[in-house]
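K.L.:
Data: input_27.cif, mmCIF, C-alpha atoms.
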```
data_input
loop_
_atom_site.label_atom_id
_atom_site.label_comp_id
_atom_site.auth_asym_id
_atom_site.auth_seq_id
_atom_site.Cartn_x
_atom_site.Cartn_y
_atom_site.Cartn_z
CA MET A 294 41.99 94.12 104.02
CA SER A 295 42.11 93.50 100.28
CA ASP A 296 40.48 95.84 97.84
CA PRO A 297 37.38 94.15 96.29
CA THR A 298 37.93 96.07 93.08
CA THR A 299 41.19 94.18 92.47
CA ALA A 300 39.62 90.74 92.75
CA ALA A 301 40.48 88.25 90.00
CA PRO A 302 38.14 88.48 87.00
CA GLU A 303 35.67 85.64 86.46
CA PRO A 304 36.93 83.07 83.94
CA GLU A 305 35.57 83.16 80.42
CA PRO A 306 32.93 80.49 79.68
CA TYR A 307 34.29 77.43 77.91
CA ARG A 308 33.28 77.36 74.26
CA ILE A 309 33.04 74.27 72.06
CA ALA A 310 33.53 74.48 68.33
CA ASP A 311 30.41 73.68 66.31
CA GLU A 312 32.13 70.79 64.54
CA ASN A 313 32.71 69.10 67.94
CA LEU A 314 29.11 69.34 69.15
CA GLY A 315 28.12 66.03 67.50
CA ASP A 316 30.90 64.18 69.35
CA LEU A 317 29.91 65.83 72.61
CA ALA A 318 26.23 64.92 72.11
CA SER A 319 27.00 61.25 71.41
CA THR A 320 29.39 61.09 74.40
CA LEU A 321 26.71 62.63 76.61
CA ALA A 322 24.09 60.17 75.30
CA ALA A 323 26.40 57.21 75.97
CA THR A 324 27.11 58.51 79.48
CA MET A 325 23.40 58.94 80.17
CA ALA A 326 22.71 55.39 78.96
CA GLU A 327 25.43 54.07 81.26
CA VAL A 328 24.01 56.00 84.23
CA ARG A 329 20.56 54.51 83.51
CA GLN A 330 22.10 51.04 83.35
CA HIS A 331 23.79 51.58 86.70
CA GLY A 332 20.44 52.68 88.11
CA VAL A 333 18.80 49.48 86.88
CA ILE A 334 21.58 47.39 88.39
CA LEU A 335 21.26 49.24 91.71
CA ASP A 336 17.48 48.76 91.66
CA ARG A 337 17.98 45.07 90.95
CA LEU A 338 20.48 44.72 93.79
CA GLY A 339 18.22 46.66 96.15
CA SER A 340 15.21 44.48 95.36
CA GLU A 341 17.03 41.23 96.06
CA SER A 342 16.18 39.91 99.48
CA GLU A 343 18.92 39.38 102.01
CA PRO A 344 19.75 35.74 102.74
CA PRO A 345 17.89 34.39 105.74
CA THR A 346 19.73 34.13 109.06
CA PRO A 347 20.78 30.51 109.64
CA VAL A 348 18.83 28.78 112.39
CA ALA A 349 20.41 26.06 114.49
CA PRO A 350 18.75 22.71 113.72
CA ALA A 351 16.71 20.98 116.38
CA ASP A 352 18.42 18.13 118.21
CA ASN A 353 16.06 15.57 116.69
CA ALA A 354 16.47 16.80 113.10
CA GLY A 355 17.94 14.29 110.67
CA PRO A 356 20.76 14.93 108.16
CA ASP A 357 18.28 15.69 105.38
CA ALA A 358 16.70 18.50 107.40
CA VAL A 359 20.13 19.97 108.19
CA ALA A 360 21.12 19.91 104.49
CA ALA A 361 17.87 21.59 103.44
CA ASP A 362 18.31 24.36 106.04
CA ALA A 363 21.91 24.97 104.97
CA VAL A 364 20.92 26.08 101.44
CA PRO A 365 20.40 29.87 101.49
CA ASP A 366 17.89 31.69 99.30
CA SER A 367 19.97 32.62 96.26
CA GLY A 368 17.71 35.48 95.09
CA PRO A 369 16.46 35.68 91.50
CA ALA A 370 16.91 32.54 89.44
CA SER A 371 18.27 34.51 86.44
CA VAL A 372 19.05 38.03 85.30
CA PHE A 373 18.27 37.06 81.70
CA ILE A 374 15.33 39.09 80.36
CA LEU A 375 13.35 36.05 79.17
CA ALA A 376 13.27 34.79 82.78
CA LEU A 377 11.65 38.01 83.97
CA GLY A 378 8.00 38.95 83.88
CA GLY A 379 5.69 41.89 84.46
CA GLU A 380 7.26 45.06 85.82
CA ALA A 381 10.74 43.50 86.07
CA TYR A 382 10.65 42.67 82.34
CA ALA A 383 9.41 46.19 81.45
CA THR A 384 12.14 47.84 83.54
CA GLU A 385 14.86 45.67 82.04
CA LEU A 386 13.55 46.23 78.50
CA ALA A 387 13.54 50.02 79.03
CA ALA A 388 17.18 49.92 80.19
CA LEU A 389 18.09 47.68 77.24
CA ALA A 390 16.34 50.08 74.83
CA ASP A 391 18.44 52.98 76.16
CA TRP A 392 21.61 51.00 75.50
CA VAL A 393 20.46 49.90 72.04
CA HIS A 394 19.36 53.39 70.94
CA TYR A 395 22.11 55.49 72.51
CA LEU A 396 25.17 53.27 72.24
CA PHE A 397 24.67 50.13 70.16
CA LEU A 398 22.94 51.60 67.08
CA PRO A 399 24.99 54.82 66.81
CA VAL A 400 28.21 52.79 66.85
CA TYR A 401 27.32 49.40 65.32
CA GLY A 402 24.09 50.08 63.40
CA ARG A 403 25.44 49.72 59.91
CA GLU A 404 23.46 50.66 56.83
CA ILE A 405 20.28 48.70 56.25
CA SER A 406 20.27 46.54 53.12
CA THR A 407 18.79 43.28 51.84
CA THR A 408 21.81 41.48 53.26
CA ARG A 409 21.62 43.38 56.58
CA PRO A 410 17.96 43.95 57.55
CA TRP A 411 16.97 45.77 60.73
CA CYS A 412 13.71 46.53 62.50
CA ALA A 413 12.96 49.79 64.30
CA THR A 414 10.56 47.83 66.53
CA TRP A 415 13.18 45.21 67.44
CA TYR A 416 11.66 44.95 70.93
CA GLU A 417 8.65 43.10 69.41
CA HIS A 418 10.92 40.30 68.17
CA PRO A 419 11.55 37.87 71.08
CA GLU A 420 14.74 36.49 69.52
CA ALA A 421 16.13 39.99 69.00
CA VAL A 422 15.31 40.97 72.59
CA ALA A 423 17.01 37.82 73.89
CA ARG A 424 20.14 38.27 71.76
CA LEU A 425 20.48 42.01 72.42
CA HIS A 426 19.95 41.52 76.15
CA ALA A 427 22.62 38.81 76.29
CA LEU A 428 24.94 41.12 74.34
CA TRP A 429 24.22 43.97 76.77
CA LEU A 430 24.87 41.78 79.83
CA ALA A 431 28.22 40.74 78.35
CA TRP A 432 28.99 44.38 77.53
CA GLN A 433 28.35 45.39 81.15
CA GLN A 434 30.71 42.70 82.39
CA LEU A 435 33.48 43.04 79.80
CA THR A 436 33.67 46.84 79.71
CA ASP A 437 33.98 47.04 83.48
CA ALA A 438 37.47 47.96 84.75
CA GLU A 439 37.67 44.59 86.53
CA ALA A 440 37.52 42.82 83.14
CA GLY A 441 40.99 44.12 82.36
CA LEU A 442 42.35 45.86 79.31
CA SER A 443 41.35 43.05 76.92
CA GLY A 444 37.70 43.00 78.07
CA PRO A 445 36.33 45.20 75.26
CA SER A 446 38.25 43.21 72.63
CA THR A 447 36.85 39.98 74.06
CA TRP A 448 33.34 41.46 73.93
CA HIS A 449 33.73 42.37 70.26
CA ARG A 450 35.21 39.00 69.28
CA ASP A 451 33.15 36.61 71.40
CA HIS A 452 29.81 38.42 71.63
CA LEU A 453 29.21 41.34 69.26
CA ASP A 454 30.38 39.80 65.98
CA HIS A 455 28.30 36.64 66.35
CA THR A 456 25.21 38.50 67.58
CA LEU A 457 25.31 40.97 64.68
CA ALA A 458 25.72 38.12 62.18
CA GLN A 459 22.65 36.35 63.61
CA LEU A 460 20.41 39.42 64.06
CA ARG A 461 21.16 41.01 60.69
CA SER A 462 21.29 37.83 58.66
CA PRO A 463 18.94 37.74 55.63
CA ASP A 464 17.19 34.78 57.29
CA GLY A 465 17.41 36.13 60.87
CA PRO A 466 14.63 37.54 63.06
CA PHE A 467 14.37 40.69 60.90
CA ALA A 468 14.08 38.80 57.59
CA ALA A 469 10.55 40.14 57.01
CA CYS A 470 11.36 43.65 58.20
CA THR A 471 13.14 46.69 56.79
CA THR A 472 15.67 45.97 54.05
CA SER A 473 15.68 49.53 52.70
CA PRO A 474 15.58 52.72 54.82
CA ALA A 475 13.21 54.22 52.24
CA ARG A 476 10.64 51.44 52.85
CA PRO A 477 10.34 50.74 56.58
CA THR A 478 8.41 47.58 57.39
CA HIS A 479 7.89 45.28 60.37
CA ARG A 480 6.58 41.74 60.66
CA VAL A 481 7.26 39.14 63.33
CA LEU A 482 7.90 35.79 61.68
CA ALA A 483 5.76 32.86 62.77
CA THR A 484 7.45 30.19 64.86
CA PRO A 485 6.70 26.45 64.81
CA ALA A 486 3.80 25.41 67.00
CA PRO A 487 4.81 23.22 69.97
CA ALA A 488 4.12 19.50 69.63
CA THR A 489 1.28 18.15 71.76
CA GLU A 490 1.55 15.05 73.94
CA ASP A 491 0.08 12.81 71.24
CA GLY A 492 2.51 14.17 68.64
CA ALA A 493 -0.14 16.12 66.70
CA ARG A 494 0.31 19.81 65.97
#
```
With the file now loaded, output its structure as structure tokens.
P.N.:
Amino acid sequence: MSDPTTAAPEPEPYRIADENLGDLASTLAATMAEVRQHGVILDRLGSESEPPTPVAPADNAGPDAVAADAVPDSGPASVFILALGGEAYATELAALADWVHYLFLPVYGREISTTRPWCATWYEHPEAVARLHALWLAWQQLTDAEAGLSGPSTWHRDHLDHTLAQLRSPDGPFAACTTSPARPTHRVLATPAPATEDGAR
């Protein structure tokens, strides 16, 4: 029987240099945001109903009835945030906010200026929500391993660059918002009223 007093000593705790703590914190925040996103995707997949079991058509059913029965329920019409409502919209917006605050802004949130405005309450700007959500959906697809090694480059070129140019343009959705970090401001710009049936506004 071995002597318990000669057992191997416990390993020393791993220590991280203070100058590396910032990198560790941002990596941890990005990982947490990704875990939340996966949770939202799993919730979305779990809430989708299973396709109905096909039922054999009656002998007297015509071809139109057979064609109608052959179309399965395809689940939600869209995953785009503007197509959602109520609790589904709130859940999706919360997941988007995690991605924006913990990954997008720390990496791509360049300095605010008159030529690059930003709004801390971006979620109150419908155009910003729509553009950021589309960017996030593309990010989820193109940073997945199945997208291949060029996926992230494609995301930057085809999605990020154009979205940033539109969002942070001097005449974009944040045109009336913060143009100097020292003077935060927020105002949603008015949009044109829809035309009525008789053409009057």
K.L.:
With the PyMOL selection byres ((chain A and resi 410) around 6) as the selection, what would be picked from this file? Answer as a list in words, please.
P.N.:
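When the PyMOL selection byres ((chain A and resi 410) around 6) is applied to the shown file, the picked residues are Ile405, Ser406, Thr407, Arg409, Trp411, Arg461, Phe467, Thr471 and Thr472 of chain A.
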K.L.:
Taking (17.3, 46.9, 75.9) as a centre in this file's frame and 9 Å as the limit, can you find every polymer residue with an atom that close, using only C-alpha atoms, and give them as number ranges by chain?
P.N.:
A: 385-394, 416, 422, 425-426, 429
K.L.:
Selected residues, C-alpha atoms, written as a compact mmCIF listing (two decimals), in the frame of the given file, please.
P.N.:
```
# COMPACT_ATOMS: atom_id res chain seq x y z
CA GLU A 385 14.86 45.67 82.04
CA LEU A 386 13.55 46.23 78.50
CA ALA A 387 13.54 50.02 79.03
CA ALA A 388 17.18 49.92 80.19
CA LEU A 389 18.09 47.68 77.24
CA ALA A 390 16.34 50.08 74.83
CA ASP A 391 18.44 52.98 76.16
CA TRP A 392 21.61 51.00 75.50
CA VAL A 393 20.46 49.90 72.04
CA HIS A 394 19.36 53.39 70.94
CA TYR A 416 11.66 44.95 70.93
CA VAL A 422 15.31 40.97 72.59
CA LEU A 425 20.48 42.01 72.42
CA HIS A 426 19.95 41.52 76.15
CA TRP A 429 24.22 43.97 76.77
```
K.L.:
For the atom pair atom CA of A:Tyr401 and atom CA of A:Pro477, what is the interatomic distance in Å to one decimal place?
P.N.:
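Separating atom CA of A:Tyr401 from atom CA of A:Pro477 is a distance of 19.1 Å.
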K.L.:
I'd like to know which of A:Ser462, A:Ala486, A:Phe397, A:Pro474 is closest to A:His449, using all atoms listed in the file.
P.N.:
A:Phe397
K.L.:
Distance atom CA of A:Cys412-atom CA of A:Leu460, one decimal place?
P.N.:
9.9 Å
K.L.:
Could you state the separation of atom CA of A:Val481 and atom CA of A:Asp464 in Å, given to one decimal place?
P.N.:
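These two atoms are separated by 12.4 Å.
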K.L.:
Which is closer to A:Ala458 than all the others in A:Phe373, A:Pro419, A:Thr489, A:Arg424, using all atoms listed in the file?
P.N.:
A:Arg424
K.L.:
Which one of A:Thr414, A:Leu453, A:Glu439, A:Leu430 sits closest to A:Arg480 if you count only C-alpha atoms?
P.N.:
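Using only C-alpha atoms, A:Arg480 sits closest to A:Thr414.
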